[in-house]
Structure formats: structure tokens, C-alpha cells
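S.K.: One file is attached below, query-v6.txt, containing compact mmCIF, C-alpha atoms and all ligand atoms.
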```txt
# COMPACT_ATOMS: atom_id res chain seq x y z
CA GLY H 1 81.96 172.18 44.89
CA CYS H 2 78.80 173.43 46.58
CA PRO H 3 77.05 176.39 44.97
CA VAL H 4 77.34 179.81 46.59
CA TRP H 5 74.72 182.56 46.67
CA ILE H 6 76.17 186.07 46.72
CA ASP H 7 74.40 189.20 48.00
CA THR H 8 76.24 192.28 46.76
CA ASP H 9 76.18 196.05 46.23
CA MET H 10 78.63 195.68 43.33
CA GLY H 11 81.63 197.85 43.99
CA PHE H 12 84.98 196.80 42.57
CA ASP H 13 85.96 194.72 45.56
CA ASP H 14 82.56 193.01 45.28
CA LEU H 15 83.42 192.11 41.68
CA ALA H 16 86.80 190.75 42.76
CA ALA H 17 85.08 188.70 45.48
CA ILE H 18 82.59 187.24 42.98
CA LEU H 19 85.41 186.35 40.57
CA ILE H 20 87.29 184.61 43.40
CA VAL H 21 84.24 182.50 44.22
CA ALA H 22 83.48 181.80 40.55
CA ALA H 23 87.03 180.54 40.03
CA SER H 24 86.40 177.54 42.28
CA ARG H 25 82.68 177.15 42.97
CA PRO H 26 79.44 177.41 41.01
CA VAL H 27 77.79 180.77 41.71
CA ALA H 28 74.08 179.98 42.09
CA GLY H 29 73.00 183.59 41.67
CA LEU H 30 73.35 187.16 42.85
CA SER H 31 70.96 189.27 44.84
CA LEU H 32 71.59 192.99 44.59
CA VAL H 33 71.26 195.40 47.47
CA ALA H 34 71.58 199.17 47.68
CA GLY H 35 74.75 200.27 49.45
CA ASN H 36 77.83 201.62 47.71
CA VAL H 37 75.44 203.22 45.24
CA ALA H 38 71.67 203.29 44.70
CA LEU H 39 70.05 200.04 43.59
CA HIS H 40 69.53 201.11 39.95
CA GLN H 41 73.29 201.75 39.67
CA VAL H 42 74.07 198.46 41.42
CA GLU H 43 71.89 196.81 38.75
CA ARG H 44 73.71 198.61 35.94
CA ASN H 45 77.10 197.58 37.29
CA ALA H 46 75.97 193.98 37.75
CA LEU H 47 74.50 193.72 34.25
CA ALA H 48 77.63 195.28 32.75
CA VAL H 49 80.02 192.85 34.42
CA ALA H 50 77.66 189.94 33.74
CA SER H 51 77.76 190.62 30.01
CA MET H 52 81.50 191.23 30.11
CA PHE H 53 82.29 187.95 31.86
CA LYS H 54 79.43 186.01 30.22
CA TRP H 55 77.96 185.08 33.59
CA ASP H 56 75.13 182.63 33.15
CA PHE H 57 73.76 182.70 36.70
CA PRO H 58 70.63 184.70 37.55
CA ILE H 59 70.85 188.23 38.96
CA HIS H 60 67.95 189.45 41.08
CA ALA H 61 67.22 192.93 42.38
CA GLY H 62 66.73 193.11 46.12
CA ALA H 63 66.24 195.96 48.56
CA ALA H 64 66.51 199.56 47.36
CA ALA H 65 66.53 201.02 50.86
CA PRO H 66 67.55 199.93 54.34
CA LEU H 67 64.91 198.67 56.79
CA LYS H 68 64.73 202.09 58.42
CA GLY H 69 65.48 205.57 57.14
CA HIS H 70 67.16 206.65 53.93
CA LEU H 71 69.95 205.02 52.02
CA GLU H 72 73.38 206.52 52.63
CA THR H 73 75.67 205.62 49.77
CA ALA H 74 79.47 205.82 49.52
CA HIS H 75 79.47 208.06 46.42
CA TYR H 76 81.69 210.49 48.36
CA VAL H 77 84.48 207.90 48.12
CA LEU H 78 83.47 205.85 45.11
CA GLY H 79 82.00 208.36 42.66
CA ALA H 80 78.61 208.25 40.97
CA ASP H 81 78.88 204.73 39.56
CA GLY H 82 80.54 203.18 42.60
CA MET H 83 83.48 201.90 40.57
CA PRO H 84 86.16 204.56 40.26
CA GLY H 85 88.46 203.77 37.34
CA THR H 86 91.48 205.50 35.90
CA GLY H 87 90.29 205.58 32.30
CA ARG H 88 88.18 202.79 30.93
CA LYS H 89 84.70 202.38 32.38
CA LEU H 90 82.31 199.48 32.48
CA PRO H 91 80.19 199.31 29.32
CA ALA H 92 76.84 201.06 29.71
CA VAL H 93 74.14 198.42 29.83
CA GLU H 94 70.42 199.13 29.70
CA GLY H 95 67.80 197.01 31.35
CA HIS H 96 67.08 195.59 34.74
CA ALA H 97 68.01 192.64 36.86
CA GLN H 98 65.33 190.03 37.41
CA PRO H 99 62.93 190.88 40.25
CA ASP H 100 62.40 189.09 43.55
CA ALA H 101 65.75 188.49 45.22
CA LEU H 102 63.84 187.20 48.23
CA GLY H 103 62.08 184.43 46.28
CA ALA H 104 65.33 183.50 44.55
CA MET H 105 67.21 183.18 47.83
CA ILE H 106 64.42 181.08 49.33
CA GLY H 107 64.59 178.82 46.27
CA PHE H 108 68.36 178.50 46.61
CA ILE H 109 68.17 177.26 50.19
CA GLU H 110 65.10 175.09 49.61
CA LYS H 111 66.99 173.33 46.81
CA GLY H 112 69.83 172.55 49.22
CA GLY H 113 72.11 175.59 48.83
CA ARG H 114 73.94 176.24 52.10
CA ASP H 115 76.67 178.81 51.37
CA ILE H 116 75.76 182.49 51.34
CA LEU H 117 78.29 185.27 50.93
CA ALA H 118 76.98 188.73 51.85
CA ILE H 119 79.22 191.62 50.83
CA GLY H 120 76.95 194.62 51.25
CA PRO H 121 74.44 195.93 53.78
CA LEU H 122 72.37 193.06 55.21
CA THR H 123 68.94 194.31 54.10
CA ASP H 124 68.18 191.40 51.74
CA LEU H 125 69.24 188.85 54.35
CA ALA H 126 67.03 190.54 56.97
CA HIS H 127 64.05 190.33 54.59
CA LEU H 128 64.82 186.64 54.17
CA ALA H 129 65.02 186.07 57.93
CA GLU H 130 61.71 187.86 58.42
CA ALA H 131 59.93 185.98 55.61
CA ARG H 132 61.39 182.56 56.39
CA PRO H 133 62.89 182.34 59.88
CA ASP H 134 63.45 178.62 59.36
CA LEU H 135 65.98 178.95 56.55
CA LEU H 136 68.94 181.01 57.75
CA THR H 137 68.92 179.09 61.01
CA LEU H 138 69.37 175.69 59.37
CA PRO H 139 72.24 174.09 61.28
CA ASP H 140 74.43 173.55 58.23
CA LEU H 141 73.80 176.96 56.67
CA ARG H 142 76.89 179.15 56.39
CA LEU H 143 76.45 182.91 56.13
CA VAL H 144 79.72 184.78 55.71
CA TRP H 145 79.39 188.56 55.82
CA MET H 146 81.94 191.25 55.08
CA GLY H 147 80.99 193.99 57.46
CA GLY H 148 81.32 195.34 60.94
CA SER H 149 84.54 195.78 62.83
CA ALA H 150 86.12 194.63 66.05
CA GLY H 151 87.97 197.95 66.11
CA PRO H 152 87.33 201.37 64.60
CA GLY H 153 84.96 201.99 61.70
CA ASN H 154 85.42 203.47 58.24
CA HIS H 155 82.09 205.11 57.45
CA THR H 156 82.10 206.74 60.89
CA ALA H 157 84.67 206.54 63.67
CA ALA H 158 82.70 203.66 65.19
CA ALA H 159 80.88 202.00 62.29
CA GLU H 160 81.91 200.06 59.22
CA PHE H 161 80.00 200.98 56.04
CA ASN H 162 77.89 197.83 55.49
CA ALA H 163 76.89 197.81 59.16
CA ALA H 164 76.25 201.55 59.18
CA VAL H 165 73.97 201.56 56.12
CA ASP H 166 71.50 199.12 57.69
CA PRO H 167 72.16 198.41 61.38
CA GLU H 168 68.57 197.24 61.90
CA ALA H 169 69.15 194.48 59.34
CA LEU H 170 71.99 193.03 61.41
CA ALA H 171 69.83 193.39 64.53
CA VAL H 172 67.06 191.38 62.82
CA LEU H 173 69.48 188.57 61.95
CA ILE H 174 70.91 188.47 65.47
CA ALA H 175 67.42 188.44 67.01
CA ALA H 176 66.41 185.63 64.64
CA GLY H 177 69.28 183.50 65.93
CA VAL H 178 71.23 183.47 62.67
CA GLN H 179 74.88 182.59 63.24
CA ILE H 180 76.91 185.05 61.19
CA ALA H 181 80.54 184.53 60.27
CA MET H 182 81.62 188.17 60.32
CA VAL H 183 84.67 189.25 58.37
CA GLY H 184 85.15 192.75 59.70
CA LEU H 185 87.35 195.70 58.84
CA ASP H 186 90.06 194.82 61.34
CA CYS H 187 90.54 191.44 59.69
CA CYS H 188 90.29 192.80 56.13
CA ARG H 189 92.89 195.47 56.86
CA GLN H 190 95.46 192.69 57.23
CA VAL H 191 95.20 192.18 53.46
CA THR H 192 96.32 195.24 51.52
CA LEU H 193 97.07 196.24 47.94
CA THR H 194 99.41 198.83 46.45
CA LEU H 195 99.76 200.19 42.92
CA ASP H 196 102.35 197.43 42.24
CA ASP H 197 99.53 194.92 42.40
CA VAL H 198 98.09 196.37 39.20
CA ALA H 199 101.16 195.35 37.16
CA PRO H 200 100.20 191.73 36.31
CA LEU H 201 96.91 192.87 34.76
CA ARG H 202 98.59 195.80 33.00
CA ALA H 203 101.03 193.40 31.39
CA HIS H 204 98.19 191.39 29.93
CA PRO H 205 97.28 192.42 26.39
CA SER H 206 93.51 191.92 26.39
CA GLU H 207 91.13 194.88 26.48
CA ARG H 208 89.30 193.19 29.35
CA ALA H 209 92.54 192.99 31.34
CA GLN H 210 93.12 196.70 30.79
CA LEU H 211 89.60 197.54 32.00
CA LEU H 212 90.14 195.38 35.10
CA ALA H 213 93.53 197.05 35.60
CA ASP H 214 91.89 200.50 35.43
CA LEU H 215 89.23 199.47 37.93
CA LEU H 216 91.77 197.85 40.25
CA GLU H 217 93.96 200.94 40.05
CA GLY H 218 90.95 203.14 40.80
CA TYR H 219 90.26 200.96 43.83
CA VAL H 220 93.86 201.13 45.11
CA ARG H 221 93.89 204.91 44.61
CA ILE H 222 90.96 205.27 47.05
CA ALA H 223 93.60 205.26 49.81
CA ASP H 224 95.43 208.58 49.43
CA ASN H 225 95.63 208.26 45.66
CA GLY H 226 97.69 205.09 46.02
CA HIS H 227 100.19 206.49 48.53
CA ARG H 228 98.87 204.26 51.32
CA PRO H 229 98.11 200.53 51.10
CA MET H 230 94.41 199.91 50.38
CA ALA H 231 92.59 197.18 52.29
CA LEU H 232 90.85 194.41 50.39
CA TYR H 233 87.40 193.96 51.91
CA ASP H 234 84.92 191.69 50.17
CA PRO H 235 87.58 189.33 48.70
CA VAL H 236 88.64 188.36 52.23
CA ALA H 237 85.10 187.16 52.96
CA ALA H 238 85.07 185.33 49.61
CA ALA H 239 88.30 183.59 50.57
CA ALA H 240 86.72 182.54 53.86
CA VAL H 241 83.95 180.81 51.90
CA ILE H 242 86.02 178.91 49.37
CA GLU H 243 89.20 178.27 51.39
CA PRO H 244 87.99 178.26 55.00
CA ASP H 245 91.48 177.95 56.48
CA SER H 246 92.61 181.22 54.84
CA VAL H 247 90.70 183.15 57.54
CA THR H 248 90.52 182.18 61.21
CA PHE H 249 87.37 182.77 63.24
CA THR H 250 86.74 183.01 66.97
CA PRO H 251 83.29 182.47 68.51
CA ALA H 252 82.00 185.57 70.30
CA ARG H 253 78.84 187.47 71.13
CA LEU H 254 77.98 189.94 68.36
CA ASP H 255 75.64 192.89 68.86
CA ILE H 256 74.94 196.09 66.97
CA GLU H 257 74.41 199.57 68.37
CA LEU H 258 71.21 201.10 67.01
CA ASP H 259 70.84 204.20 69.14
CA GLY H 260 74.15 205.88 69.91
CA THR H 261 74.51 209.35 68.46
CA LEU H 262 78.21 208.70 67.84
CA THR H 263 78.14 204.91 67.67
CA ARG H 264 75.05 203.91 65.64
CA GLY H 265 76.03 201.02 63.40
CA MET H 266 78.95 199.95 65.59
CA THR H 267 79.36 196.20 65.99
CA VAL H 268 79.99 195.40 69.64
CA ILE H 269 81.84 192.16 70.30
CA GLU H 270 81.99 190.44 73.66
CA TRP H 271 84.85 187.94 73.45
CA ARG H 272 84.40 186.60 76.97
CA ALA H 273 82.09 183.57 76.86
CA ARG H 274 81.55 183.85 80.62
CA LYS H 275 79.91 187.25 80.05
CA ALA H 276 77.73 186.28 77.08
CA ALA H 277 77.15 183.10 75.11
CA PRO H 278 78.73 183.33 71.64
CA ASN H 279 76.22 183.82 68.79
CA ALA H 280 78.65 184.51 65.94
CA LEU H 281 82.02 183.69 64.48
CA ILE H 282 84.31 186.71 64.24
CA ALA H 283 87.23 186.68 61.80
CA THR H 284 90.46 187.54 63.56
CA THR H 285 93.31 186.74 61.16
CA ALA H 286 93.59 186.49 57.39
CA ASP H 287 96.33 184.77 55.38
CA ALA H 288 97.30 187.87 53.41
CA PRO H 289 99.75 186.39 50.87
CA ARG H 290 97.33 183.61 50.04
CA ILE H 291 94.30 185.88 49.65
CA ARG H 292 96.25 188.38 47.53
CA ALA H 293 97.35 185.50 45.30
CA MET H 294 93.75 184.24 45.05
CA MET H 295 92.64 187.67 43.93
CA GLN H 296 95.42 188.06 41.36
CA ALA H 297 94.67 184.62 39.95
CA ALA H 298 90.94 185.27 39.77
CA LEU H 299 91.39 188.61 38.01
CA LEU H 300 93.90 187.21 35.51
CA ARG H 301 91.66 184.27 34.84
CA ALA H 302 88.71 186.59 34.29
CA ALA H 303 90.85 188.71 31.99
CA GLY H 304 91.20 185.68 29.76
CA ASP H 305 94.55 184.36 30.83
CA GLN H 306 93.63 180.72 31.24
C1 LIG H 401 82.53 197.53 52.51
O1 LIG H 401 81.92 198.67 51.93
C2 LIG H 401 81.93 198.54 50.53
O2 LIG H 401 82.25 199.75 49.93
C3 LIG H 401 82.91 197.46 50.19
O3 LIG H 401 82.52 196.80 48.99
C4 LIG H 401 82.80 196.55 51.37
O4 LIG H 401 81.71 195.68 51.23
C5 LIG H 401 83.76 197.94 53.28
O5 LIG H 401 83.40 198.78 54.37
CA CA H 402 80.52 195.52 49.03
```
Let me see the file written as C-alpha cells.
Ligand code: BDR
Ligand code: CA
M.R.:
Amino acid sequence: GCPVWIDTDMGFDDLAAILIVAASRPVAGLSLVAGNVALHQVERNALAVASMFKWDFPIHAGAAAPLKGHLETAHYVLGADGMPGTGRKLPAVEGHAQPDALGAMIGFIEKGGRDILAIGPLTDLAHLAEARPDLLTLPDLRLVWMGGSAGPGNHTAAAEFNAAVDPEALAVLIAAGVQIAMVGLDCCRQVTLTLDDVAPLRAHPSERAQLLADLLEGYVRIADNGHRPMALYDPVAAAAVIEPDSVTFTPARLDIELDGTLTRGMTVIEWRARKAAPNALIATTADAPRIRAMMQAALLRAAGDQ
């Protein structure tokens, strides 16, 4: 299959998304972006999982701060390391990712790479669009982004987290004419997990499976300590990359609110082509059973089951 570049802020659902891609496509590399946690913690998480899963693709540090203003992280939901567990933690890894995410992404596209999965704030992609406006607008380039919402937000009432952290970055991409395939909250919320979904990993004897089970359980417990179903976010966008018919998209006009005091970071979608020419593809439905199965299979495989 064609290689995929992944831009991530390395929460647990990011890890699950990367494992889903890696199960069926070569991962060309990762660029890291500040979001869930500060960039140095994103780097630590990425290096820890890379050593755990013996990833051999390059990992490059990208933007530490959004285009404008200060980074707002999600530590209030995710804890200091961005990966709440229920016991075991990722191994502490010293060191840094390689520098220059921008150069690495340019190299990926120049060498023919056409699939990019973005599962964090869009800062790195905006830097790419500013440095090389010719690349992300290549007609066969596919940029799938988990972010935004066609309904309510999660970070604020109006704004989804990845959109809210760096709204200017999305505005840059839209202004540059980049066609984004947006997998927003409303689509991702069709695919949910409960504590029962931890059982297959728990039943697996390996230490790695138990760590993944702890991290998955920590993720599910984000929603009311596991009493409500927890949406799967980034894995839905990963599914859209590797099995395009698992998510359906509708062309529409995508914009982002930059100014509203209550609505900054809100993605505004005009579905009516007679009002505005479509510039994006918006995910509307996700095949939940299939995507849940993809995630279970990818985690079990990563745990050493196959
Ligand atoms: C997004 O925010 C992050 O915490 C998740 O990994 C996902 O990318 C959901 O709003
Ligand atoms: Ca993410």
C-alpha cells in the first residue's frame, strides 16, 4: 500500500490511530505537534511507544506552539502526560525526536507520498502550506484530519479541541486552497467504546497487552469514569485513510471562526452548494462496528498476538 505520513499530538487515541494505519500501510514518518500536552511531552510519549513497538520510521518534532497565542493543552482531561492509565505507564524515555518536521514532510511529498493523516492541531500542516503552497494542493494529495465538528464542540461549547488549539492554522489551509477531508466530532461520536472493550486485551498474557489495556481503560474512563460510552476520535480518521468506505464524506464549504468570543475555533459548515462552492469533504457517517473491530485487531496485533 501507499505510505502514510501522520501528524500527531500523541494521546492514546492517536496511538490507536497510528497502530491501525501501521497494520495495513507503511508509515512513512511522524511529525509531532503540541496539543494534548506540550511538545516535549508529546516527544516523550512518541519515543516511548516507538521503542515499545520497535517502530523504525522517523519521528520529527514540529510546532511547539500554535500560530497565534499560547498553547492550551488538554491536561485538565488527560493528566500531565496526556495518556491517563489505570496502573502501568509508558516507559520513561530520555532524548528527543529528530528536528525539522517541516523538511521531513516536504521530503515525503516530493518523493511521491500522497496520504497525510493529521490527528492534532493543524499547526505543522499550516507551516507546510506557508513554506510550500504547491504541495498540499497537489490534485492527488489526500489530507484527512480529525478535528472540527458539524455540531457542538468538546473543548468549548462551539469548538472541537484540535480546531480550538490552532484555529489560524485551519484558516491558513483553507486560504491556501487545501482540500481537507474533515472527520469531526459528530462523526467520531458514532463510534464509541465502553469498559467491555478492554476485555480482549486484558485476556492477553503479555506485559505489553496489559499496558495497552491500562491505557485503553484510562481512555474509556475519561467519559464519566467509564459510566458513559467514550467516543473514538483519531482512529475514525485513520480508518478513513486505510479503508475509505468505512467513513462517508459529503462535499461542503468549510470555514473557521477566528473572532467570536463564544465561538472562536468553531468550524462552520455550509452544506448548500448554491450558497458556497464546496472546498472540503466533511465526514458524515462512520461504520462503527467495522472501525471498532479495526481498532481491536490493531491493538491485539501490537500487543503481540499475531
Ligand atoms: C481530539 O483531541 C485529542 O485529545 C484527541 O486525540 C483528538 O485528536 C478530539 O477532540
Ligand atoms: Ca490527537
S.K.: What does the list of residues within 7 Å of ligand LIG 401 (chain H) look like if you count all atoms listed in the file, written as a ChimeraX atom specification?
M.R.: /H:9-14,36,74,119-120,146-147,154,160-162,185,233-234
S.K.: Can you pull out the residues contacting His60 (chain H)? Cut-off 10 Å, using only C-alpha atoms, and skip same-chain residues under 6 positions away; I want them as a list of chain:residue names.
M.R.: H:Asp7, H:Gly29, H:Leu30, H:Ser31, H:Leu32, H:Val33, H:Glu43, H:Ala46, H:His96, H:Ala97, H:Gln98, H:Pro99, H:Asp100, H:Ala101, H:Leu102, H:Gly103, H:Ala104, H:Met105
S.K.: Could you check the closest approach to Ala118 (chain H) for each of H:Ala159, H:Ile269, H:Thr8, H:Val77 and tell me which residue wins, using all atoms listed in the file?
M.R.: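 For Ala118 (chain H), the nearest of the given residues is H:Thr8.
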S.K.: Nearest to ligand CA 402 (chain H): which of H:Gln179, H:Leu122, H:Lys89, H:Ser149 is it, counting only C-alpha atoms and all ligand atoms?
M.R.: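 With only C-alpha atoms and all ligand atoms as the atom set, the closest residue is H:Leu122.
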S.K.: With all atoms listed in the file as the basis for distance, which of H:Pro167, H:His127, H:Pro3, H:Val178 is at the shortest distance from Pro139 (chain H)?
M.R.: H:Val178
S.K.: Calculate how many Å separate CA of Asp214 (chain H) from CA of Ser24 (chain H), rounding to one decimal.
M.R.: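 About the pair CA of Asp214 (chain H) and CA of Ser24 (chain H): they are 24.6 Å apart.
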S.K.: Taking into account only C-alpha atoms, which residue in the set H:Met295, H:Ala283, H:Ala169, H:Ala238 is nearest to Arg25 (chain H)?
M.R.: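 Closest candidate: H:Ala238.
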S.K.: When distances are computed from all atoms listed in the file, which of H:Ala126, H:Ile109, H:Val236, H:Ala158 shows the smallest separation from ligand CA 402 (chain H)?
M.R.: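 Closest to ligand CA 402 (chain H) of all the choices is H:Val236.
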S.K.: Please, what distance in Å, to one decimal, runs between CA of Leu254 (chain H) and CA of Arg132 (chain H)?
M.R.: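 These two atoms are separated by 21.7 Å.
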S.K.: As an exercise, work out the distance from CA of Ile116 (chain H) to CA of Trp5 (chain H) in Å and give it to one decimal place.
M.R.: 4.8 Å
